[in-house]
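Take a look at the structure below.
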Amino acid sequence: FRSSFNFVPEGDYRVSREFREELVRNGFEVGVHDLRHDGKLYRTREAFARNAQRINEYLKDWGAVGFRSGFMLHNLDWLRDLDVAYDLSTFDTDPFEPQPDGAGTIFPFWVPKAIPSPRDVGGERDRGRGEGAGFQHFSVSAFQRLGERGYVELPYSLPSDSTLFLLFRERNIAIWEQKLAWIAKHGGMALVNTHPDYMNFEDRHSSGEFPVRYYEQFLEHIRTHYAGQYWHALPREVAAYAARFKPALPRAPKRVCMVAYSSYKNDARITRYAEALVERGDHVDVLALQSRLETSRFERIGGVNVFRLQARFGKRQKSRLGYLFPSLKFLARSSWWLMRQHLRQPYDVIHVHNVPDFLVFAAAFPKLLGCKVILDIHDILPEFYGSKFSANGGRAVSLLRFVERVSSRVADHVIISNDLWFEKYRTRTGANGKCSVFINNVDARIFAPRPRTRQDNRQIVIFPGGLQWHQGVDIAIRAFNEIREEFPQAEFHIYGDGNMKEEWMALTRELRLEERVKFLDPLPLRAIADVMANADVGVVPKRADSFGNEAYSTKIMEMMCVGVPVVASETRIDRFYFNDSVVRFFKSGDHRAMAAAIAAVLRSPELRRQLIDNARSFAATHSWDSRRGDYLNLVDSICAGENRPSPAKAMDTAGKLNGVFRGKVAVLPQED
């Protein structure tokens, strides 16, 4: 048997050229093992990139094409920086490693390069080495050409000697034999990681060494019990062969739970995430509130399991405790639910949606057991609270900023709902390097142009959204009062709920607009899309002197997509994303300016057509389709063991790779 020896290039010893060449002449392979073996290689992305340059120099100097990290630490994305044909830094399953996420497969798999980089792939530096260097028909340049397109990952699939004989203190090779039999049954790759410095060549067993005979017995067991059934190969040979087929690691379905203090059917942001995950085969549970119109505690909607943990409270409450107590109750219920369910069937990711931020603590127990957590900031809480309760400072706001910081640290990744809040949140919480922006991109399958079904002579102005102070619906009501005489057939339909609803209904009665201004219940997404399509004008009257100045409005894009012209107030956030060609703006807070803008759109069919046509083109390039893949990649990238398949999936891979190993077991001894 010949194996690959992996040496630390800048460790406590030096590896002479003469020694490396002697190994290669005798049929062994030489690989690069980490850089310094100090556990710091993956500390930061910038440091890894610098160290990768040094590692590549050693790879080139040694004529090596393989790499293995110290302590089996790994980040397959970062390893693309290396000029290698293969990497050996993962394992099928080994919970005793410092980074215990297993690849979950006993087969090689292909890791494509994200962006191919030009390299010197000519054969000039290979000439003169010849077969004496041990490369035979596998040249360095050939492997570098493979490396330009990606690399092969070779996970070790037998317990390492240190785990088996030093940690478990086994006194025989029975576990190696049992695992090898299972691998052989499935036609997989038997790759074992051994350490000569742990072997006692005087054949003694101590706390820090094991008899070398264990290793000899294992190799003899392979030779005698599997004669004619295995391909004994060096890693570079397996990598070269597997690279021809580029075997992909099967993506295991993720188990994801969404937690949101809202109604699932009415929250477009959450439904987009959940449906995207379900469509690619993931399992998704949602913990949500039960609205007045929802009768069941559990419902399966489009493949998503929706669990309604409590009735919706506090939407019309004005006291601070009236908001706090129901949300704390929801936190307690969702925490208990997640703890029990995670113990039964663990989740890969829990995606928590604010408001409030502290809901992220519902995922605390699963996180302790290895589950990854995403915190999704729909609204930045201190500003949201200040707008709702007219509190721009004080202890409460300071406390909310403290909760904001602590909550961000619980999360493995933070999603922020618009670009203006990104820098503010990142700076305020210190969550550098783990934040990304996902605005409320519209699902074009729901909000799509559709024929108008209403045939009457009414002119419908519509507002679909929350009835909070920053939304400025009272401004829209007063604006509608200004145009009531010019447009006697016009009606203002308000679909929503919130703490200001009763006051604004009172304002409607005060202005004697009860027959013209209709307050209607909020509708599920697909139903509200039909209603929008029958409207003549959509309005977004947010206040620019409040939280609404930086709160992105999903409704603008939704109305654009269904073909409704939009009249919106000039807020900082909406001016950031939209322009006058797609939205009719008016000065925020000025109900007369808003009335003039609505009247201009209602009077002019040509203006309506221009706004509709321009908005449709704009919306088509900013739909959820443009970000769906980014979100799915984010979920995959933060999961422990990226693209980790289940054991059953790993076994199924045997069929796909049968052509690679031709029904035989591949045996690769490794020496670190």
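In the structure tokens, each chain is lettered A, B, ... as it comes, each chain's residues begin at 1, and ligands are numbered from 1 in order of appearance.
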
Region 531-545 of chain A environment, 6 Å, only C-alpha atoms, sequence neighbours closer than 4 positions dropped, as a short mmCIF file (atom, residue, chain, number, x, y, z; two decimals) with N, CA and C atoms, in the first residue's frame:
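result.cif written:
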```cif
data_model
loop_
_atom_site.label_atom_id
_atom_site.label_comp_id
_atom_site.auth_asym_id
_atom_site.auth_seq_id
_atom_site.Cartn_x
_atom_site.Cartn_y
_atom_site.Cartn_z
N ARG A 452 -59.12 43.48 -15.73
CA ARG A 452 -60.01 44.17 -14.81
C ARG A 452 -61.40 43.52 -14.88
N GLN A 459 -64.57 55.25 -9.57
CA GLN A 459 -63.12 55.43 -9.61
C GLN A 459 -62.59 55.08 -8.22
N ILE A 460 -61.85 53.99 -8.15
CA ILE A 460 -61.44 53.46 -6.85
C ILE A 460 -59.99 53.88 -6.55
N VAL A 461 -59.84 54.56 -5.43
CA VAL A 461 -58.53 54.84 -4.86
C VAL A 461 -58.31 53.83 -3.74
N ILE A 462 -57.13 53.19 -3.69
CA ILE A 462 -56.94 52.09 -2.75
C ILE A 462 -55.69 52.31 -1.90
N PHE A 463 -55.81 51.94 -0.63
CA PHE A 463 -54.66 51.84 0.27
C PHE A 463 -54.72 50.47 0.93
N HIS A 470 -47.44 56.32 11.24
CA HIS A 470 -46.46 56.68 10.22
C HIS A 470 -46.96 56.41 8.80
N GLN A 471 -48.02 55.60 8.66
CA GLN A 471 -48.54 55.31 7.33
C GLN A 471 -49.30 56.50 6.74
N GLY A 472 -49.76 57.44 7.57
CA GLY A 472 -50.35 58.68 7.07
C GLY A 472 -51.67 58.54 6.36
N ASN A 549 -40.26 57.64 7.02
CA ASN A 549 -39.30 58.25 6.10
C ASN A 549 -38.29 57.23 5.58
N VAL A 562 -49.22 44.81 -10.67
CA VAL A 562 -50.56 44.48 -11.17
C VAL A 562 -51.08 45.52 -12.15
N VAL A 564 -51.32 49.20 -11.51
CA VAL A 564 -52.05 50.32 -10.92
C VAL A 564 -51.10 51.50 -10.76
N PRO A 565 -51.45 52.69 -11.26
CA PRO A 565 -50.59 53.86 -11.05
C PRO A 565 -50.54 54.21 -9.57
N VAL A 566 -49.36 54.66 -9.12
CA VAL A 566 -49.13 54.89 -7.69
C VAL A 566 -48.87 56.37 -7.42
N VAL A 567 -49.56 56.89 -6.40
CA VAL A 567 -49.30 58.23 -5.87
C VAL A 567 -48.67 58.02 -4.50
N ALA A 568 -47.46 58.57 -4.29
CA ALA A 568 -46.73 58.32 -3.04
C ALA A 568 -46.11 59.60 -2.52
N SER A 569 -45.96 59.66 -1.21
CA SER A 569 -45.32 60.82 -0.59
C SER A 569 -43.80 60.75 -0.80
N THR A 571 -40.73 60.40 0.51
CA THR A 571 -39.93 59.99 1.66
C THR A 571 -38.52 59.67 1.18
N SER A 588 -44.66 65.11 1.30
CA SER A 588 -45.18 64.34 2.42
C SER A 588 -45.85 65.25 3.45
N GLY A 589 -46.99 64.79 3.95
CA GLY A 589 -47.72 65.52 4.98
C GLY A 589 -48.66 66.59 4.47
#
```

Residues near Asp267 (chain A), cut-off 12 Å, only C-alpha atoms, skip fewer than 3 positions along chain, as a ChimeraX atom specification:
/A:258-264,270-274,286,288-289,291,353-354,378,440,442-443,465-466,522-526,528,554-555

Env of Ile175 (chain A): 10 Å cut, atoms = only C-alpha atoms, seq-sep filter 5 positions within chain, self excluded. Answer as an MDAnalysis selection string.
chainID A and resid 158:159 164 170 180:181

Print the selection's residues with N, CA, C and O atoms to a file, as a PDB file, in the first residue's frame.
```
ATOM      1  N   LEU A 158     -13.462   6.801   7.261  1.00  0.00           N
ATOM      2  CA  LEU A 158     -13.185   5.901   8.373  1.00  0.00           C
ATOM      3  C   LEU A 158     -12.715   6.735   9.558  1.00  0.00           C
ATOM      4  O   LEU A 158     -12.017   7.740   9.368  1.00  0.00           O
ATOM      5  N   PRO A 159     -13.074   6.373  10.787  1.00  0.00           N
ATOM      6  CA  PRO A 159     -12.626   7.167  11.935  1.00  0.00           C
ATOM      7  C   PRO A 159     -11.104   7.300  11.943  1.00  0.00           C
ATOM      8  O   PRO A 159     -10.380   6.333  11.678  1.00  0.00           O
ATOM      9  N   LEU A 164     -10.131   6.898  17.242  1.00  0.00           N
ATOM     10  CA  LEU A 164     -10.431   5.494  17.536  1.00  0.00           C
ATOM     11  C   LEU A 164      -9.593   4.957  18.696  1.00  0.00           C
ATOM     12  O   LEU A 164     -10.126   4.361  19.646  1.00  0.00           O
ATOM     13  N   GLU A 170      -9.844   2.211  21.882  1.00  0.00           N
ATOM     14  CA  GLU A 170     -10.134   0.884  21.344  1.00  0.00           C
ATOM     15  C   GLU A 170      -8.855   0.038  21.351  1.00  0.00           C
ATOM     16  O   GLU A 170      -7.746   0.556  21.156  1.00  0.00           O
ATOM     17  N   LEU A 180     -15.670  -0.312   7.134  1.00  0.00           N
ATOM     18  CA  LEU A 180     -15.188  -0.666   5.795  1.00  0.00           C
ATOM     19  C   LEU A 180     -16.171  -1.598   5.093  1.00  0.00           C
ATOM     20  O   LEU A 180     -16.425  -1.459   3.888  1.00  0.00           O
ATOM     21  N   ALA A 181     -16.754  -2.537   5.825  1.00  0.00           N
ATOM     22  CA  ALA A 181     -17.732  -3.450   5.227  1.00  0.00           C
ATOM     23  C   ALA A 181     -18.936  -2.676   4.708  1.00  0.00           C
ATOM     24  O   ALA A 181     -19.468  -2.975   3.629  1.00  0.00           O
TER      25      ALA A 181
END
```

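Proximity ranking of A:Ser296, A:Ala240, A:Leu634, A:Asn499 relative to His351 (chain A) places A:Leu634 first, based on only C-alpha atoms.
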
Of the listed residues A:His591, A:Arg627, A:Lys179, A:Arg244, that which approaches Val437 (chain A) most closely, counting only C-alpha atoms
A:Arg627

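Between CA of Glu570 (chain A) and CA of Lys587 (chain A) there is a distance of 5.5 Å.
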
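The interatomic distance for the pair CA of Val32 (chain A) and CA of Asp77 (chain A) works out to 18.3 Å.
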
Check the DSSP output for the backbone and give back, as number ranges by chain, the residues of region 294-516 of chain A in alpha helix (DSSP H).
A: 320-344, 364-368, 381-389, 395-410, 419-429, 473-483, 501-510

Output for the residues just chosen: C-alpha atoms as a short mmCIF file (atom, residue, chain, number, x, y, z; two decimals), in the first residue's frame:
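Okay, selection21.cif is ready:
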```cif
data_model
loop_
_atom_site.label_atom_id
_atom_site.label_comp_id
_atom_site.auth_asym_id
_atom_site.auth_seq_id
_atom_site.Cartn_x
_atom_site.Cartn_y
_atom_site.Cartn_z
CA ARG A 320 -46.97 50.07 25.63
CA LEU A 321 -47.77 47.15 27.89
CA GLY A 322 -50.66 46.30 25.57
CA TYR A 323 -48.07 45.55 22.90
CA LEU A 324 -45.44 44.03 25.17
CA PHE A 325 -47.42 41.35 27.01
CA PRO A 326 -48.85 39.54 23.93
CA SER A 327 -45.43 39.52 22.26
CA LEU A 328 -43.80 38.11 25.40
CA LYS A 329 -46.50 35.45 25.50
CA PHE A 330 -45.75 34.59 21.88
CA LEU A 331 -42.03 34.43 22.69
CA ALA A 332 -42.70 31.96 25.51
CA ARG A 333 -44.96 29.78 23.37
CA SER A 334 -42.66 29.74 20.35
CA SER A 335 -39.62 28.98 22.57
CA TRP A 336 -41.35 25.97 24.12
CA TRP A 337 -42.65 24.78 20.74
CA LEU A 338 -39.21 25.03 19.12
CA MET A 339 -37.46 23.27 21.98
CA ARG A 340 -39.80 20.28 21.85
CA GLN A 341 -39.84 20.07 18.06
CA HIS A 342 -36.08 20.50 17.69
CA LEU A 343 -35.47 17.60 20.06
CA ARG A 344 -37.77 15.41 17.95
CA ALA A 364 -31.81 30.00 21.74
CA PHE A 365 -32.16 26.32 22.66
CA PRO A 366 -31.91 24.98 19.07
CA LYS A 367 -28.92 27.29 18.51
CA LEU A 368 -27.12 25.71 21.46
CA LEU A 381 -37.38 48.64 16.43
CA PRO A 382 -36.18 51.80 18.26
CA GLU A 383 -37.42 54.04 15.44
CA PHE A 384 -40.61 52.02 15.06
CA TYR A 385 -41.32 52.37 18.77
CA GLY A 386 -40.50 56.09 18.74
CA SER A 387 -42.93 56.68 15.89
CA LYS A 388 -45.73 54.66 17.47
CA PHE A 389 -45.46 56.22 20.93
CA ARG A 395 -34.89 54.91 28.79
CA ALA A 396 -37.27 52.87 26.68
CA VAL A 397 -35.48 53.73 23.44
CA SER A 398 -32.10 53.04 25.08
CA LEU A 399 -33.39 49.68 26.25
CA LEU A 400 -34.63 48.83 22.76
CA ARG A 401 -31.22 49.65 21.31
CA PHE A 402 -29.63 47.35 23.87
CA VAL A 403 -32.10 44.59 22.93
CA GLU A 404 -31.30 45.28 19.27
CA ARG A 405 -27.56 44.75 19.88
CA VAL A 406 -28.01 41.60 21.94
CA SER A 407 -30.51 40.12 19.47
CA SER A 408 -28.14 40.70 16.57
CA ARG A 409 -25.44 38.72 18.37
CA VAL A 410 -27.71 35.72 18.83
CA ASP A 419 -30.34 49.85 2.10
CA LEU A 420 -30.85 52.97 4.23
CA TRP A 421 -31.15 50.89 7.37
CA PHE A 422 -28.19 48.65 6.50
CA GLU A 423 -25.41 51.02 7.57
CA LYS A 424 -27.38 52.34 10.54
CA TYR A 425 -28.12 48.86 11.90
CA ARG A 426 -24.65 47.46 11.18
CA THR A 427 -22.95 50.38 12.92
CA ARG A 428 -25.32 50.48 15.85
CA THR A 429 -25.15 46.77 16.62
CA VAL A 473 -53.76 57.36 6.03
CA ASP A 474 -55.38 60.38 7.71
CA ILE A 475 -53.52 62.55 5.18
CA ALA A 476 -55.05 60.47 2.38
CA ILE A 477 -58.54 60.80 3.89
CA ARG A 478 -58.20 64.58 4.01
CA ALA A 479 -56.84 64.57 0.44
CA PHE A 480 -59.82 62.54 -0.73
CA ASN A 481 -62.10 65.07 0.92
CA GLU A 482 -60.51 67.75 -1.33
CA ILE A 483 -61.42 65.92 -4.56
CA LYS A 501 -58.13 52.52 12.74
CA GLU A 502 -60.75 53.83 15.16
CA GLU A 503 -59.37 57.39 15.08
CA TRP A 504 -59.31 57.44 11.31
CA MET A 505 -62.82 56.03 11.13
CA ALA A 506 -63.83 58.90 13.44
CA LEU A 507 -62.09 61.37 11.08
CA THR A 508 -64.08 59.89 8.20
CA ARG A 509 -67.33 60.47 10.09
CA GLU A 510 -66.23 63.99 11.00
#
```

note - CA of Ile415 (chain A) and CA of Leu375 (chain A) are separated by 6.2 Å

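Proximity to Asn6 (chain A) was assessed for A:Asn51, A:Arg280, A:Phe67, A:Arg43 counting only C-alpha atoms; the smallest distance is recorded for A:Phe67.
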
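Nearest-residue note for Arg300 (chain A): choosing from A:Lys254, A:Lys265, A:Phe19, A:Ala596, the minimum distance belongs to A:Lys265, counting only C-alpha atoms.
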
Shortest interatomic distance to Asp34 (chain A) - which of A:Arg68, A:Lys60, A:His186, A:Arg14, counting only C-alpha atoms
A:Arg68

Taking only region 286-496 of chain A into account, list the residues labelled strand (DSSP E or B) by DSSP (computed from the backbone), as a VMD selection string.
chain A and resid 286 to 290 298 to 301 304 to 311 349 to 353 372 to 377 413 to 416 435 to 437 442 459 to 464 490 to 495
